[in-house]
Every structure is written in C-alpha cells, then in structure tokens.
Amino acid sequence: MDKKYLKCWNDEQVVNFFISNRKYIEDVYPSEKYFLDEYLQPGMRALDYGCAAGGFCNILKNGYHLPYSNYWGVDQSFQMIETARQLYPRANFETDLNEIFKKKMKFDLVFSFGVLHMTFNWEKILHNLYHLASKYLIFDLRIITGETTIENIDQSFQTLSFNKATSGEEIECLNVPYIILNNQDVENRLSKIYKKRDRLLRYSYTRPVSETVTSPYSEVEMTSFCIIKRTERQL
C-alpha cells in the first residue's frame with residue numbers, strides 16, 4: 001500500500017469510523033454474506049485480509065459462532081491493528097502478511113472484503129492468500145459486463161474525505177483506485193491463481209456505484225468469488 005494511503009488509514013478519525021461501523025451482521029453486504037453462510041463453520045480457523053479495526057471478528061463471533069481465538073486479522077495500518085488488539089484481545093492480529101507465512105500457518109477459510117478493488121496489486125495479494133487457504137478463499141471485486149477493464153486512477157477512483165485529524169493537521173481528500181474489471185478479463189486472470197482441479201464460484205448483483213466514486217460506469221456488479229480448493233483425492 002502507498003504510504004500516502006497509510007497516512008489516511010492511520011488517522012484517528014478514520015480508525016474511529018471503523019470502530020463504530022462494519023462490526024455487526026447487519027453491516028455485511030449480501031455479496032459478502034453469501035459464501036460465508038455456505039461455508040464458514042464454528043470450528044474453522046479464519047483469516048481476514050484488510051481487517052481494519054477488526055469488526056469482522058465480532059461479526060464472525062456473534063453471527064457464525066466462530067471463537068475469537070480462531071480469527072486472524074491482517075491490515076497494514078498500524079493504528080487499525082493496535083485498535084483491533086485492544087477491542088478484541090482474544091483474537092489474533094498482524095500488520096504484515098509475511099508474519100503469517102513465517103509461522104507456516106494455514107487457514108480453513110481466508111477472506112478479503114472491500115479491499116481488492118482499491119488495490120492495484122490485487123492479483124499478487126490473491127496469489128498469497130490462495131497459498132494460505134486450505135479449503136476456501138472468498139473475496140469480492142467490482143465487475144462490468146460488455147465494457148472494458150479500468151485500472152487507471154485517473155479514470156476511476158473513490159474519494160475519501162476526512163476533514164481534520166485530531167492533531168489539527170489538515171487531511172486532504174484522498175483519491176484511491178476504484179478498479180472495475182471486465183467479466184471475461186477477470187475470469188482469465190483468476191484462472192492463473194487457482195489450480196484446474198479447484199472450483200471457482202461466484203455470486204453477484206448489480207448496483208449503482210457510490211456517490212464518492214468517479215467512474216465512466218454508473219453501476220457495477222458487486223461480485224463475490226469463492227475458490228474451493230480440492231486435492232487429488234477429492235477428484
């Protein structure tokens with residue numbers, strides 16, 4: 001993640017926003033909930049990439065009966081992770097995905113929501129997450145059918161505006177990428193991440209882009225994907 005983005009995500013007002021939001025089952029979008037309902041089980045070990053202040057830890061505990069100790073959250077924002085550790089001391093949090101690799105851990109279910117469409121290296125991230133998942137990898141992207149992929153921040157971006165930091169320092173409006181992928185393009189690119197013996201499932205619905213998004217496309221397909229990893233014995 002670009003350092004200028006980290007400045008925004010580390011700001012106290014931004015952290016406070018995630019303390020108060022995205023922590024209840026009612027906050028989960030249908031595209032996110034679809035595969036969690038299908039595959040997440042209480043005894044699993046789960047990894048949340050881009051966990052912010054750890055709100056999904058609370059969602060999985062209360063909505064899916066997943067123990068705090070079975071949840072790992074990763075976010076590059078130090079302030080987000082410090083806050084998450086204070087809010088959910090029985091859960092597990094890291095700022096660097098490499099720390100997870102160093103521990104040689106595997107997770108029954110790995111997921112990433114609301115992150116990849118704002119990240120230029122989303123394919124590399126998915127490649128890493130795929131290797132951490134032993135059963136399921138669930139993630140969401142923004143899809144368009146019949147139009148071209150846009151991965152240019154000058155053409156498609158989302159504006160984050162957070163007035164002033166608590167310190168009094170002015171925080172400028174920040175434009176982050178809003179990546180929209182052509183339907184066929186994303187299938188071709190995802191096929192390079194998972195193995196042929198795996199299954200790729202998807203669930204999507206169309207909705208207007210947020211008012212904070214500037215893009216030539218007025219609506220996108222909110223699409224969640226689920227890669228089901230299968231061994232040769234399961235074929």
# chains A, B, ... in the order shown; residues from 1 in each chain; ligands from 1
>>> closest_atom_pairs(of="segment 9-91 of chain A", to="segment 132-144 of chain A", cutoff="12 Å", atoms="only C-alpha atoms", output="tab-separated table")
residue	atom	partner	partner_atom	distance
A:Tyr29	CA	A:Asp140	CA	10.6
A:Pro30	CA	A:Asp140	CA	11.2
A:Ser31	CA	A:Asp140	CA	7.7
A:Glu32	CA	A:Asp140	CA	7.3
A:Lys33	CA	A:Ile138	CA	10.3
A:Tyr34	CA	A:Ile138	CA	10.0
A:Phe35	CA	A:Ile138	CA	7.2
A:Leu36	CA	A:Ile138	CA	8.2
A:Asp37	CA	A:Ile138	CA	11.6
A:Glu38	CA	A:Tyr136	CA	10.8
A:Tyr39	CA	A:Tyr136	CA	7.9
A:Leu40	CA	A:Tyr136	CA	9.0
A:Gln41	CA	A:Tyr136	CA	11.5
A:Met44	CA	A:Lys135	CA	10.0
A:Arg45	CA	A:Ala133	CA	9.8
A:Ala46	CA	A:Ala133	CA	8.8
A:Leu47	CA	A:Ala133	CA	8.5
A:Asp48	CA	A:Ile138	CA	9.8
A:Tyr49	CA	A:Phe139	CA	9.5
A:Gly50	CA	A:Phe139	CA	11.0
A:Trp72	CA	A:Leu132	CA	11.8
>>> residues_around(residues="segment 184-193 of chain A", least_positions_apart="3", cutoff="8 Å", atoms="only C-alpha atoms", output="mmCIF file with N, CA and C atoms, in the first residue's frame")
data_model
loop_
_atom_site.group_PDB
_atom_site.id
_atom_site.type_symbol
_atom_site.label_atom_id
_atom_site.label_comp_id
_atom_site.auth_asym_id
_atom_site.auth_seq_id
_atom_site.Cartn_x
_atom_site.Cartn_y
_atom_site.Cartn_z
ATOM 1 N N GLU A 123 -3.942 -8.956 -7.722
ATOM 2 C CA GLU A 123 -3.626 -10.319 -8.155
ATOM 3 C C GLU A 123 -2.528 -10.937 -7.288
ATOM 4 N N LEU A 126 -4.066 -11.896 -3.953
ATOM 5 C CA LEU A 126 -4.845 -13.128 -4.060
ATOM 6 C C LEU A 126 -3.951 -14.354 -4.178
ATOM 7 N N HIS A 127 -2.853 -14.214 -4.903
ATOM 8 C CA HIS A 127 -1.902 -15.321 -5.027
ATOM 9 C C HIS A 127 -1.394 -15.731 -3.643
ATOM 10 N N TYR A 130 -4.240 -17.298 -1.550
ATOM 11 C CA TYR A 130 -4.554 -18.644 -2.029
ATOM 12 C C TYR A 130 -3.677 -19.685 -1.337
ATOM 13 N N THR A 145 -19.830 -6.027 -17.309
ATOM 14 C CA THR A 145 -20.012 -6.915 -18.458
ATOM 15 C C THR A 145 -20.203 -6.086 -19.725
ATOM 16 N N THR A 149 -12.064 -3.204 -18.914
ATOM 17 C CA THR A 149 -11.467 -3.082 -17.583
ATOM 18 C C THR A 149 -10.885 -1.682 -17.394
ATOM 19 N N LEU A 181 -13.378 -4.440 -13.286
ATOM 20 C CA LEU A 181 -12.821 -5.454 -14.173
ATOM 21 C C LEU A 181 -13.875 -6.027 -15.117
ATOM 22 N N LYS A 196 -6.483 -26.023 -11.754
ATOM 23 C CA LYS A 196 -7.595 -26.503 -12.572
ATOM 24 C C LYS A 196 -8.523 -27.421 -11.787
#
>>> closest_residue(among="A:Tyr88, A:Tyr217, A:Val115, A:Met222", to="Gly146 of chain A", atoms="only C-alpha atoms")
A:Tyr217
>>> closest_residue(among="A:Tyr68, A:Tyr178, A:Phe101, A:Tyr203", to="Gly54 of chain A", atoms="only C-alpha atoms")
A:Tyr68
>>> select_by_dssp(residues="segment 5-107 of chain A", states="strand (DSSP E)", output="ChimeraX atom specification")
/A:46-49,71-74,92-94,107
>>> closest_residue(among="A:His117, A:Thr148, A:Asp154, A:Ser112", to="Ser215 of chain A", atoms="only C-alpha atoms")
A:Asp154
>>> residues_around(residues="Phe120 of chain A", least_positions_apart="3", cutoff="10 Å", atoms="only C-alpha atoms", output="ChimeraX atom specification")
/A:1,116-117,123-125,151-153,176-179
>>> write_last_selection(atoms="C-alpha atoms", output="mmCIF file, in the first residue's frame")
data_model
loop_
_atom_site.group_PDB
_atom_site.id
_atom_site.type_symbol
_atom_site.label_atom_id
_atom_site.label_comp_id
_atom_site.auth_asym_id
_atom_site.auth_seq_id
_atom_site.Cartn_x
_atom_site.Cartn_y
_atom_site.Cartn_z
ATOM 1 C CA MET A 1 0.000 0.000 0.000
ATOM 2 C CA LEU A 116 -9.014 -5.592 -3.533
ATOM 3 C CA HIS A 117 -10.902 -3.185 -5.789
ATOM 4 C CA GLU A 123 -3.626 -10.319 -8.155
ATOM 5 C CA LYS A 124 -0.449 -10.646 -6.088
ATOM 6 C CA ILE A 125 -2.471 -10.405 -2.892
ATOM 7 C CA GLU A 151 -7.370 0.086 -13.592
ATOM 8 C CA ASN A 152 -6.376 3.717 -14.079
ATOM 9 C CA ILE A 153 -6.877 6.015 -11.089
ATOM 10 C CA VAL A 176 -7.868 5.809 -4.101
ATOM 11 C CA PRO A 177 -8.182 3.421 -7.061
ATOM 12 C CA TYR A 178 -11.629 2.084 -7.865
ATOM 13 C CA ILE A 179 -10.831 -0.884 -10.065
#
>>> atom_distance(atom1="atom CA of Ala53 of chain A", atom2="atom CA of Ile81 of chain A")
6.2 Å
>>> closest_residue(among="A:Asn183, A:Ser204, A:Thr214, A:Asn128", to="Thr159 of chain A", atoms="only C-alpha atoms")
A:Thr214
>>> atom_distance(atom1="atom CA of Val110 of chain A", atom2="atom CA of Leu129 of chain A")
6.8 Å
>>> residues_around(residues="Ile59 of chain A", least_positions_apart="5", cutoff="8 Å", atoms="only C-alpha atoms", output="ChimeraX atom specification")
/A:23-25,64
>>> write_last_selection(atoms="C-alpha atoms", output="PDB file, in the first residue's frame")
ATOM      1  CA  LYS A  23     -18.936  -4.820  13.135  1.00  0.00           C
ATOM      2  CA  TYR A  24     -22.480  -6.220  13.166  1.00  0.00           C
ATOM      3  CA  ILE A  25     -24.018  -8.925  10.993  1.00  0.00           C
ATOM      4  CA  TYR A  64     -21.297 -17.501  12.875  1.00  0.00           C
TER       5      TYR A  64
END
>>> decode(residues="segment 35-79 of chain A", atoms="N, CA and C atoms", output="JSON list (two decimals), in the first residue's frame")
[["chain", "number", "residue", "atom", "x", "y", "z"],
["A", 35, "PHE", "N", -21.27, -16.49, 0.63],
["A", 35, "PHE", "CA", -20.39, -17.65, 0.77],
["A", 35, "PHE", "C", -20.02, -17.92, 2.22],
["A", 36, "LEU", "N", -20.03, -16.89, 3.07],
["A", 36, "LEU", "CA", -19.81, -17.13, 4.49],
["A", 36, "LEU", "C", -20.92, -18.02, 5.04],
["A", 37, "ASP", "N", -22.16, -17.72, 4.66],
["A", 37, "ASP", "CA", -23.28, -18.55, 5.11],
["A", 37, "ASP", "C", -23.13, -19.99, 4.65],
["A", 38, "GLU", "N", -22.56, -20.17, 3.48],
["A", 38, "GLU", "CA", -22.47, -21.51, 2.89],
["A", 38, "GLU", "C", -21.34, -22.34, 3.47],
["A", 39, "TYR", "N", -20.21, -21.70, 3.77],
["A", 39, "TYR", "CA", -19.01, -22.49, 4.07],
["A", 39, "TYR", "C", -18.37, -22.27, 5.44],
["A", 40, "LEU", "N", -18.62, -21.15, 6.09],
["A", 40, "LEU", "CA", -17.97, -20.91, 7.37],
["A", 40, "LEU", "C", -18.61, -21.74, 8.47],
["A", 41, "GLN", "N", -17.77, -22.45, 9.23],
["A", 41, "GLN", "CA", -18.24, -23.28, 10.33],
["A", 41, "GLN", "C", -17.51, -22.88, 11.62],
["A", 42, "PRO", "N", -18.16, -23.06, 12.77],
["A", 42, "PRO", "CA", -17.61, -22.59, 14.05],
["A", 42, "PRO", "C", -16.21, -23.11, 14.38],
["A", 43, "GLY", "N", -15.88, -24.32, 13.97],
["A", 43, "GLY", "CA", -14.59, -24.90, 14.34],
["A", 43, "GLY", "C", -13.44, -24.52, 13.42],
["A", 44, "MET", "N", -13.72, -23.72, 12.41],
["A", 44, "MET", "CA", -12.68, -23.37, 11.44],
["A", 44, "MET", "C", -11.72, -22.32, 11.99],
["A", 45, "ARG", "N", -10.58, -22.21, 11.30],
["A", 45, "ARG", "CA", -9.64, -21.12, 11.55],
["A", 45, "ARG", "C", -9.72, -20.19, 10.34],
["A", 46, "ALA", "N", -9.98, -18.89, 10.59],
["A", 46, "ALA", "CA", -10.25, -17.95, 9.50],
["A", 46, "ALA", "C", -9.26, -16.80, 9.50],
["A", 47, "LEU", "N", -8.89, -16.34, 8.30],
["A", 47, "LEU", "CA", -8.00, -15.19, 8.12],
["A", 47, "LEU", "C", -8.75, -14.11, 7.35],
["A", 48, "ASP", "N", -8.72, -12.90, 7.88],
["A", 48, "ASP", "CA", -9.38, -11.73, 7.29],
["A", 48, "ASP", "C", -8.31, -10.75, 6.83],
["A", 49, "TYR", "N", -8.15, -10.60, 5.51],
["A", 49, "TYR", "CA", -7.15, -9.68, 4.97],
["A", 49, "TYR", "C", -7.78, -8.32, 4.71],
["A", 50, "GLY", "N", -7.19, -7.27, 5.32],
["A", 50, "GLY", "CA", -7.77, -5.93, 5.25],
["A", 50, "GLY", "C", -8.82, -5.76, 6.33],
["A", 51, "CYS", "N", -8.47, -6.16, 7.54],
["A", 51, "CYS", "CA", -9.44, -6.28, 8.64],
["A", 51, "CYS", "C", -9.81, -4.95, 9.30],
["A", 52, "ALA", "N", -9.08, -3.86, 8.99],
["A", 52, "ALA", "CA", -9.32, -2.56, 9.62],
["A", 52, "ALA", "C", -9.28, -2.70, 11.14],
["A", 53, "ALA", "N", -10.31, -2.24, 11.84],
["A", 53, "ALA", "CA", -10.29, -2.28, 13.31],
["A", 53, "ALA", "C", -10.84, -3.59, 13.86],
["A", 54, "GLY", "N", -10.94, -4.60, 13.01],
["A", 54, "GLY", "CA", -11.31, -5.93, 13.48],
["A", 54, "GLY", "C", -12.79, -6.20, 13.61],
["A", 55, "GLY", "N", -13.62, -5.38, 12.98],
["A", 55, "GLY", "CA", -15.06, -5.54, 13.12],
["A", 55, "GLY", "C", -15.59, -6.89, 12.71],
["A", 56, "PHE", "N", -14.97, -7.50, 11.70],
["A", 56, "PHE", "CA", -15.45, -8.81, 11.24],
["A", 56, "PHE", "C", -15.18, -9.90, 12.28],
["A", 57, "CYS", "N", -14.25, -9.65, 13.17],
["A", 57, "CYS", "CA", -14.03, -10.58, 14.27],
["A", 57, "CYS", "C", -15.30, -10.70, 15.10],
["A", 58, "ASN", "N", -15.92, -9.56, 15.35],
["A", 58, "ASN", "CA", -17.17, -9.53, 16.11],
["A", 58, "ASN", "C", -18.31, -10.15, 15.30],
["A", 59, "ILE", "N", -18.33, -9.88, 14.01],
["A", 59, "ILE", "CA", -19.37, -10.45, 13.13],
["A", 59, "ILE", "C", -19.29, -11.97, 13.10],
["A", 60, "LEU", "N", -18.10, -12.51, 12.96],
["A", 60, "LEU", "CA", -17.94, -13.96, 12.89],
["A", 60, "LEU", "C", -18.24, -14.62, 14.23],
["A", 61, "LYS", "N", -17.94, -13.92, 15.31],
["A", 61, "LYS", "CA", -18.21, -14.47, 16.65],
["A", 61, "LYS", "C", -19.72, -14.54, 16.91],
["A", 62, "ASN", "N", -20.41, -13.44, 16.67],
["A", 62, "ASN", "CA", -21.82, -13.37, 17.00],
["A", 62, "ASN", "C", -22.74, -13.91, 15.91],
["A", 63, "GLY", "N", -22.30, -13.80, 14.65],
["A", 63, "GLY", "CA", -23.16, -14.25, 13.56],
["A", 63, "GLY", "C", -22.91, -15.68, 13.12],
["A", 64, "TYR", "N", -21.67, -16.17, 13.37],
["A", 64, "TYR", "CA", -21.30, -17.50, 12.87],
["A", 64, "TYR", "C", -20.68, -18.39, 13.96],
["A", 65, "HIS", "N", -20.67, -17.89, 15.19],
["A", 65, "HIS", "CA", -20.19, -18.67, 16.34],
["A", 65, "HIS", "C", -18.74, -19.12, 16.20],
["A", 66, "LEU", "N", -17.94, -18.28, 15.53],
["A", 66, "LEU", "CA", -16.51, -18.57, 15.41],
["A", 66, "LEU", "C", -15.79, -17.98, 16.62],
["A", 67, "PRO", "N", -15.07, -18.78, 17.39],
["A", 67, "PRO", "CA", -14.37, -18.25, 18.57],
["A", 67, "PRO", "C", -13.36, -17.18, 18.18],
["A", 68, "TYR", "N", -13.17, -16.19, 19.05],
["A", 68, "TYR", "CA", -12.19, -15.14, 18.79],
["A", 68, "TYR", "C", -10.81, -15.74, 18.51],
["A", 69, "SER", "N", -10.47, -16.79, 19.23],
["A", 69, "SER", "CA", -9.13, -17.38, 19.09],
["A", 69, "SER", "C", -8.92, -18.03, 17.72],
["A", 70, "ASN", "N", -9.99, -18.26, 16.98],
["A", 70, "ASN", "CA", -9.89, -18.87, 15.65],
["A", 70, "ASN", "C", -9.82, -17.84, 14.53],
["A", 71, "TYR", "N", -9.78, -16.56, 14.91],
["A", 71, "TYR", "CA", -9.78, -15.47, 13.93],
["A", 71, "TYR", "C", -8.42, -14.79, 13.89],
["A", 72, "TRP", "N", -7.90, -14.60, 12.67],
["A", 72, "TRP", "CA", -6.68, -13.82, 12.43],
["A", 72, "TRP", "C", -7.03, -12.67, 11.50],
["A", 73, "GLY", "N", -6.64, -11.46, 11.87],
["A", 73, "GLY", "CA", -6.86, -10.30, 11.02],
["A", 73, "GLY", "C", -5.54, -9.67, 10.61],
["A", 74, "VAL", "N", -5.45, -9.26, 9.36],
["A", 74, "VAL", "CA", -4.24, -8.61, 8.84],
["A", 74, "VAL", "C", -4.61, -7.28, 8.21],
["A", 75, "ASP", "N", -3.90, -6.23, 8.58],
["A", 75, "ASP", "CA", -4.09, -4.92, 7.98],
["A", 75, "ASP", "C", -2.77, -4.16, 8.08],
["A", 76, "GLN", "N", -2.43, -3.43, 7.02],
["A", 76, "GLN", "CA", -1.15, -2.72, 7.01],
["A", 76, "GLN", "C", -1.16, -1.46, 7.87],
["A", 77, "SER", "N", -2.33, -1.02, 8.29],
["A", 77, "SER", "CA", -2.42, 0.16, 9.14],
["A", 77, "SER", "C", -2.09, -0.21, 10.59],
["A", 78, "PHE", "N", -1.02, 0.35, 11.10],
["A", 78, "PHE", "CA", -0.60, 0.05, 12.48],
["A", 78, "PHE", "C", -1.67, 0.49, 13.47],
["A", 79, "GLN", "N", -2.25, 1.66, 13.25],
["A", 79, "GLN", "CA", -3.26, 2.17, 14.18],
["A", 79, "GLN", "C", -4.51, 1.29, 14.18]]
